[in-house]
Amino acid sequence: MDIARLSIREIRESLAARRYSAQELAAEALRFAQAENGRTNAYLHFSPERAMAAARRVDESLARGEEPAALAGVPVAVKDVIVTRGVRTTCGSKLLEHYVPPYDATAVERIEAAGGVILGKTNCDEFAMGSSNENSAYGPVRNPVATERVPGGSSGGSAAAVAQGTAVVALGSDTGGSVRQPASFCGVVGVTPTYGRVSRYGLTAFASSLDHIGPFGRSVADAAALLGTMAGRDVKDATSADAPVPDYAKLLDGNVKELKLGLPREYLKDLPGETGDLIGRAVQELQKLGCAVREINLPATDYAIACYYVIATAEASSNLARYDGVRYTTRAAGETLQEMYRNTRGEGFGAECKRRIMLGTYVLSHGYYDAYYLKAQKVRSLIARDFAKAFTEVDAIVAPVSPFPAFPLGEKVDDPVAMYLSDIYTITGSLAGVPCMSVPCGKTAAGLPVGMQILTRHFDEATMFRLAHAYETRAS
Amino acid sequence: MKITEKEVRYVAGLANLQLTDAEVAKFEAELTGILEHFDRLKEIDTEGVAPMAQVLFASGETATLREDVPVPPLGNDAALANAPVSGAGYFKVPKVIER
């Protein structure tokens, strides 16, 4: 067994053939993940007791002669913004340094019910705010492909763990690209499902109209399997959708002939050098597989960054108001209640969270609400309309994920505007709420991975996975 | 739009954020830069466009309703377990009412 390259399928077959037990696998996966963590800082903490208990339940089920469940014995890493009962959940923030949740996120419950083994919690930008994982209070994550570079963010730890092989699959959260961009930087598959596809119960809220939980895997099949176990209506999240969840594995048949693909003109016009070349080559490969490719327009794209950062910071400023030193955070001293609030938040939040709380509070404040927040919501309608129109003409949109590959640690920390602008290709899909994913499409001359983004209609993850899988398994 | 030091301090107050003088100066410059970018929203015509507050998808009118059945609550001890200061079954905060 090569612990760093295991697939879900291989684990199922091995468990069924009794080549190893789920407990043996969990123990080895924990040992390996802990031993390798110093290289990347991908995990913040491990949950060995919980992992071994889950593995024991899998072995007991197998001993009773039951079929292995969908994720039986599969080592999973969970981003530390998703709550786990009895296992510390810090959200990458000093404020929640000691927070031990009294309940599980629905996604976590469903993963364990399907036999998944949660090894630990992964590092991320504080409260999922950032594109480089440098905003974690617990130190940055290093990209396992090139350790002097960022893994992307905000789900950098989950992407790095899957790329490094210290988890088979992982959970991230995506508000404006926080799964897709790190997946692209680390050379793994990362999926942002349709808004409402996966319950957010237990996902720490950042921007509620944009937040998603999404899976990472080393293959399309693994990421799709993880999504399949989590997806579907949950009464604990009123925004979760009651849409049927197909058996994605059955739909990965390699047949993408006559699928109509759209290339957004607005995304390709300024796409620099090697990333542009690699996306162009991937599009040619898709044509060879029988897809029909045409150019499309998404005219509101130029306004997407401003639209996104107004809405996301406004919602964040409201959601982060709860971290006030009363119920679950650390507390700073203060003579009065308000002084205690202010000191707790002033000392506890890192620079990026403060910046976004300030921006969000400003755009919602008296006199600016109409000019910024309401205006941004109208622009969001136009962006959603662009996608709706495009999907009357094509079945899927193919696009870059990031304008550049993983950059050196520290390179962009002092330029927030430049950091925000780099989210251009991922935030549009988030604003429209359509499913989107990053699938590896090659490496630059320096060996840095580049991801291709695929976007499809609401609730049509099946077409997205079919296309990504056909591309991934093409004869090269 | 140029944001002033006074506005930074006002907004920090609304957000309950204690900022150092160095942070105030930094945010004055940074927020001005970011708001300049936000100002491009003014260029696009949204006459007659409805604001989008949430991603909407087709679903039954009662799809988000559930049966109204009681479930056991978290419980006092569990709810207080993460509080920095608690006592007598309550969250404790600095005194808010003067006699």
# chains A, B, ... in the order shown; residues from 1 in each chain; ligands from 1
call {"tool": "interface_residues", "arguments": {"of": "chain B", "to": "chain A", "cutoff": "6 Å", "atoms": "only C-alpha atoms", "output": "list in words"}}
result
Asn16, Leu17, Gln18, Leu19, Phe38, Val49, Ala50, Pro51, Met52, Gln54, Val55, Thr64, Asn82, Ala83, Pro84 and Pro94 of chain B
call {"tool": "write_last_selection", "arguments": {"atoms": "N, CA and C atoms", "output": "tab-separated table (two decimals), in the first residue's frame"}}
result
chain	number	residue	atom	x	y	z
B	16	ASN	N	-17.28	47.59	16.72
B	16	ASN	CA	-16.70	47.17	18.00
B	16	ASN	C	-15.28	46.63	17.85
B	17	LEU	N	-14.46	47.36	17.12
B	17	LEU	CA	-13.05	46.97	16.93
B	17	LEU	C	-12.15	48.03	17.54
B	18	GLN	N	-11.35	47.66	18.52
B	18	GLN	CA	-10.36	48.58	19.06
B	18	GLN	C	-9.15	48.56	18.13
B	19	LEU	N	-8.85	49.70	17.49
B	19	LEU	CA	-7.70	49.76	16.58
B	19	LEU	C	-6.60	50.60	17.19
B	38	PHE	N	-14.26	49.75	-5.68
B	38	PHE	CA	-15.71	49.53	-5.55
B	38	PHE	C	-16.50	50.57	-6.35
B	49	VAL	N	-33.25	46.64	-12.51
B	49	VAL	CA	-32.74	45.31	-12.15
B	49	VAL	C	-33.05	45.05	-10.67
B	50	ALA	N	-33.63	43.88	-10.39
B	50	ALA	CA	-33.95	43.55	-8.99
B	50	ALA	C	-32.68	43.13	-8.26
B	51	PRO	N	-32.51	43.53	-7.00
B	51	PRO	CA	-31.34	43.07	-6.24
B	51	PRO	C	-31.43	41.57	-5.97
B	52	MET	N	-30.29	40.91	-5.99
B	52	MET	CA	-30.24	39.47	-5.73
B	52	MET	C	-29.65	39.25	-4.34
B	54	GLN	N	-30.08	36.30	-2.61
B	54	GLN	CA	-29.87	34.88	-2.35
B	54	GLN	C	-29.93	34.15	-3.69
B	55	VAL	N	-29.22	33.04	-3.79
B	55	VAL	CA	-29.33	32.20	-4.98
B	55	VAL	C	-30.68	31.49	-4.91
B	64	THR	N	-38.90	24.24	2.36
B	64	THR	CA	-38.01	24.55	3.47
B	64	THR	C	-38.70	24.38	4.82
B	82	ASN	N	-17.78	26.49	26.53
B	82	ASN	CA	-16.74	27.26	25.85
B	82	ASN	C	-16.69	28.73	26.29
B	83	ALA	N	-17.52	29.10	27.22
B	83	ALA	CA	-17.55	30.51	27.64
B	83	ALA	C	-16.28	30.86	28.41
B	84	PRO	N	-15.69	32.01	28.13
B	84	PRO	CA	-14.49	32.40	28.87
B	84	PRO	C	-14.78	32.61	30.35
B	94	PRO	N	-18.94	41.94	32.01
B	94	PRO	CA	-18.79	43.08	32.90
B	94	PRO	C	-20.16	43.70	33.19
call {"tool": "residues_around", "arguments": {"residues": "Phe407 in chain A", "least_positions_apart": "2", "cutoff": "10 Å", "atoms": "only C-alpha atoms", "output": "list in words"}}
result
Ser132, Asn143, Ala146, Glu148, Arg149, Val150, Pro151, Gly152, Phe185, Phe404, Pro405, Leu409, Gly410, Glu411, Lys412 and Leu448 of chain A
call {"tool": "select_by_dssp", "arguments": {"residues": "range 152-315 of chain A", "states": "strand (DSSP E or B)", "output": "list of chain:residue names"}}
result
A:Val169, A:Ala170, A:Leu171, A:Gly172, A:Ser173, A:Asp174, A:Val189, A:Gly190, A:Val191, A:Thr192, A:Val198, A:Leu203, A:His212, A:Ile213, A:Gly214, A:Pro215, A:Phe216, A:Gly217, A:Ala231, A:Lys260, A:Leu261, A:Gly262, A:Leu263, A:Pro264, A:Ala292, A:Val293, A:Arg294, A:Glu295, A:Ile296
call {"tool": "residues_around", "arguments": {"residues": "range 61-73 of chain A", "least_positions_apart": "2", "cutoff": "8 Å", "atoms": "only C-alpha atoms", "output": "list in words"}}
result
Ile8, Ile11, Arg12, Leu15, Ala16, Ala22, Gln23, Leu25, Ala26, Ala54, Ala55, Arg57, Val58, Asp59, Pro75, Ile111, Ala114, Gly115, Gly116, Val117, Ala225, Leu226 and Thr229 of chain A
call {"tool": "write_last_selection", "arguments": {"atoms": "N, CA and C atoms", "output": "CSV table (one decimal), in the first residue's frame"}}
result
chain,number,residue,atom,x,y,z
A,8,ILE,N,-10.2,6.0,-3.1
A,8,ILE,CA,-11.4,5.4,-2.4
A,8,ILE,C,-11.7,4.0,-2.9
A,11,ILE,N,-9.2,1.5,-1.5
A,11,ILE,CA,-9.5,1.2,-0.1
A,11,ILE,C,-10.6,0.2,0.1
A,12,ARG,N,-11.7,0.5,-0.7
A,12,ARG,CA,-12.9,-0.4,-0.6
A,12,ARG,C,-12.5,-1.8,-1.0
A,15,LEU,N,-10.3,-3.4,1.7
A,15,LEU,CA,-11.1,-3.8,2.9
A,15,LEU,C,-11.9,-5.0,2.6
A,16,ALA,N,-12.6,-5.1,1.4
A,16,ALA,CA,-13.4,-6.2,1.1
A,16,ALA,C,-12.6,-7.5,1.0
A,22,ALA,N,-9.7,-1.5,8.6
A,22,ALA,CA,-9.9,-0.1,8.6
A,22,ALA,C,-9.0,0.5,9.7
A,23,GLN,N,-8.9,-0.2,10.8
A,23,GLN,CA,-8.1,0.3,12.0
A,23,GLN,C,-6.6,0.3,11.6
A,25,LEU,N,-5.4,0.7,8.6
A,25,LEU,CA,-5.3,1.8,7.7
A,25,LEU,C,-5.3,3.1,8.4
A,26,ALA,N,-6.2,3.3,9.4
A,26,ALA,CA,-6.4,4.6,10.1
A,26,ALA,C,-5.1,4.8,10.9
A,54,ALA,N,-14.0,5.6,14.6
A,54,ALA,CA,-14.7,5.4,13.3
A,54,ALA,C,-14.2,4.2,12.5
A,55,ALA,N,-12.9,4.0,12.6
A,55,ALA,CA,-12.4,2.8,11.9
A,55,ALA,C,-12.9,1.5,12.5
A,57,ARG,N,-15.7,1.0,13.9
A,57,ARG,CA,-17.1,0.8,13.5
A,57,ARG,C,-17.1,0.2,12.1
A,58,VAL,N,-16.2,0.6,11.3
A,58,VAL,CA,-16.1,0.1,9.9
A,58,VAL,C,-15.7,-1.4,10.0
A,59,ASP,N,-14.7,-1.7,10.8
A,59,ASP,CA,-14.3,-3.1,10.9
A,59,ASP,C,-15.4,-4.0,11.5
A,75,PRO,N,-9.5,7.8,4.9
A,75,PRO,CA,-9.0,8.9,5.7
A,75,PRO,C,-9.4,10.3,5.1
A,111,ILE,N,-20.4,12.1,6.6
A,111,ILE,CA,-19.1,11.4,6.2
A,111,ILE,C,-18.9,10.2,7.1
A,114,ALA,N,-21.1,7.3,6.5
A,114,ALA,CA,-20.7,6.6,5.3
A,114,ALA,C,-19.3,5.8,5.5
A,115,GLY,N,-18.8,5.8,6.7
A,115,GLY,CA,-17.6,5.1,7.0
A,115,GLY,C,-16.3,5.9,6.9
A,116,GLY,N,-16.4,7.2,6.7
A,116,GLY,CA,-15.2,8.0,6.6
A,116,GLY,C,-14.5,8.1,7.9
A,117,VAL,N,-13.2,8.3,7.9
A,117,VAL,CA,-12.4,8.3,9.1
A,117,VAL,C,-11.7,9.7,9.1
A,225,ALA,N,-17.3,11.2,-5.2
A,225,ALA,CA,-17.9,10.3,-4.2
A,225,ALA,C,-18.1,11.0,-2.9
A,226,LEU,N,-17.1,11.9,-2.5
A,226,LEU,CA,-17.3,12.6,-1.3
A,226,LEU,C,-18.5,13.5,-1.3
A,229,THR,N,-21.8,11.7,-0.8
A,229,THR,CA,-22.2,11.3,0.6
A,229,THR,C,-22.7,12.5,1.4
call {"tool": "select_by_dssp", "arguments": {"residues": "range 167-207 of chain A", "states": "helix (DSSP H, G or I)", "output": "MDAnalysis selection string"}}
result
chainID A and resid 180:186
call {"tool": "write_last_selection", "arguments": {"atoms": "N, CA and C atoms", "output": "short mmCIF file (atom, residue, chain, number, x, y, z; two decimals), in the first residue's frame"}}
result
data_model
loop_
_atom_site.label_atom_id
_atom_site.label_comp_id
_atom_site.auth_asym_id
_atom_site.auth_seq_id
_atom_site.Cartn_x
_atom_site.Cartn_y
_atom_site.Cartn_z
N ARG A 180 -11.52 25.97 -5.09
CA ARG A 180 -10.98 25.81 -6.45
C ARG A 180 -9.56 26.36 -6.59
N GLN A 181 -9.30 27.53 -6.01
CA GLN A 181 -7.98 28.13 -6.18
C GLN A 181 -6.87 27.32 -5.51
N PRO A 182 -7.02 26.89 -4.25
CA PRO A 182 -5.97 26.03 -3.68
C PRO A 182 -5.86 24.68 -4.39
N ALA A 183 -6.97 24.14 -4.89
CA ALA A 183 -6.90 22.90 -5.66
C ALA A 183 -6.01 23.11 -6.87
N SER A 184 -6.20 24.24 -7.54
CA SER A 184 -5.41 24.53 -8.72
C SER A 184 -3.93 24.72 -8.35
N PHE A 185 -3.65 25.42 -7.26
CA PHE A 185 -2.25 25.67 -6.84
C PHE A 185 -1.53 24.39 -6.41
N CYS A 186 -2.28 23.43 -5.86
CA CYS A 186 -1.66 22.22 -5.33
C CYS A 186 -1.78 21.03 -6.29
#
call {"tool": "residues_around", "arguments": {"residues": "Ile296 in chain A", "least_positions_apart": "2", "cutoff": "9 Å", "atoms": "only C-alpha atoms", "output": "PyMOL selection string"}}
result
chain A and resi 262-266+294+298+390+393-394+397
call {"tool": "write_last_selection", "arguments": {"atoms": "C-alpha atoms", "output": "compact mmCIF listing (two decimals), in the first residue's frame"}}
result
# COMPACT_ATOMS: atom_id res chain seq x y z
CA GLY A 262 -18.35 27.86 -23.86
CA LEU A 263 -15.16 29.89 -23.45
CA PRO A 264 -15.83 33.32 -21.91
CA ARG A 265 -14.14 36.01 -24.00
CA GLU A 266 -13.83 38.23 -20.93
CA ARG A 294 -17.47 28.18 -28.92
CA LEU A 298 -20.20 37.18 -19.72
CA ALA A 390 -24.80 31.35 -21.47
CA GLU A 393 -26.28 28.11 -25.49
CA VAL A 394 -23.75 25.73 -23.92
CA ILE A 397 -18.21 26.73 -19.36
call {"tool": "atom_distance", "arguments": {"atom1": "CA of Val189 in chain A", "atom2": "CA of Met437 in chain A"}}
result
7.3 Å
call {"tool": "residues_around", "arguments": {"residues": "Thr4 in chain B", "least_positions_apart": "5", "cutoff": "9 Å", "atoms": "only C-alpha atoms", "output": "count of residues only"}}
result
4
call {"tool": "residues_around", "arguments": {"residues": "Val439 in chain A", "least_positions_apart": "6", "cutoff": "12 Å", "atoms": "only C-alpha atoms", "output": "count of residues only"}}
result
44
call {"tool": "closest_residue", "arguments": {"among": "A:Ser438, A:Gln164, A:Ser422, A:Asn297", "to": "Leu6 in chain A", "atoms": "only C-alpha atoms"}}
result
A:Gln164
call {"tool": "atom_distance", "arguments": {"atom1": "CA of Val8 in chain B", "atom2": "CA of Ser93 in chain A"}}
result
23.4 Å
call {"tool": "closest_residue", "arguments": {"among": "B:Asp21, B:Ile3, B:Arg40, B:Tyr90", "to": "Ala78 in chain B", "atoms": "only C-alpha atoms"}}
result
B:Tyr90
call {"tool": "residues_around", "arguments": {"residues": "Ala77 in chain A", "least_positions_apart": "6", "cutoff": "6 Å", "atoms": "only C-alpha atoms", "output": "VMD selection string"}}
result
chain A and resid 118 to 121 167 170
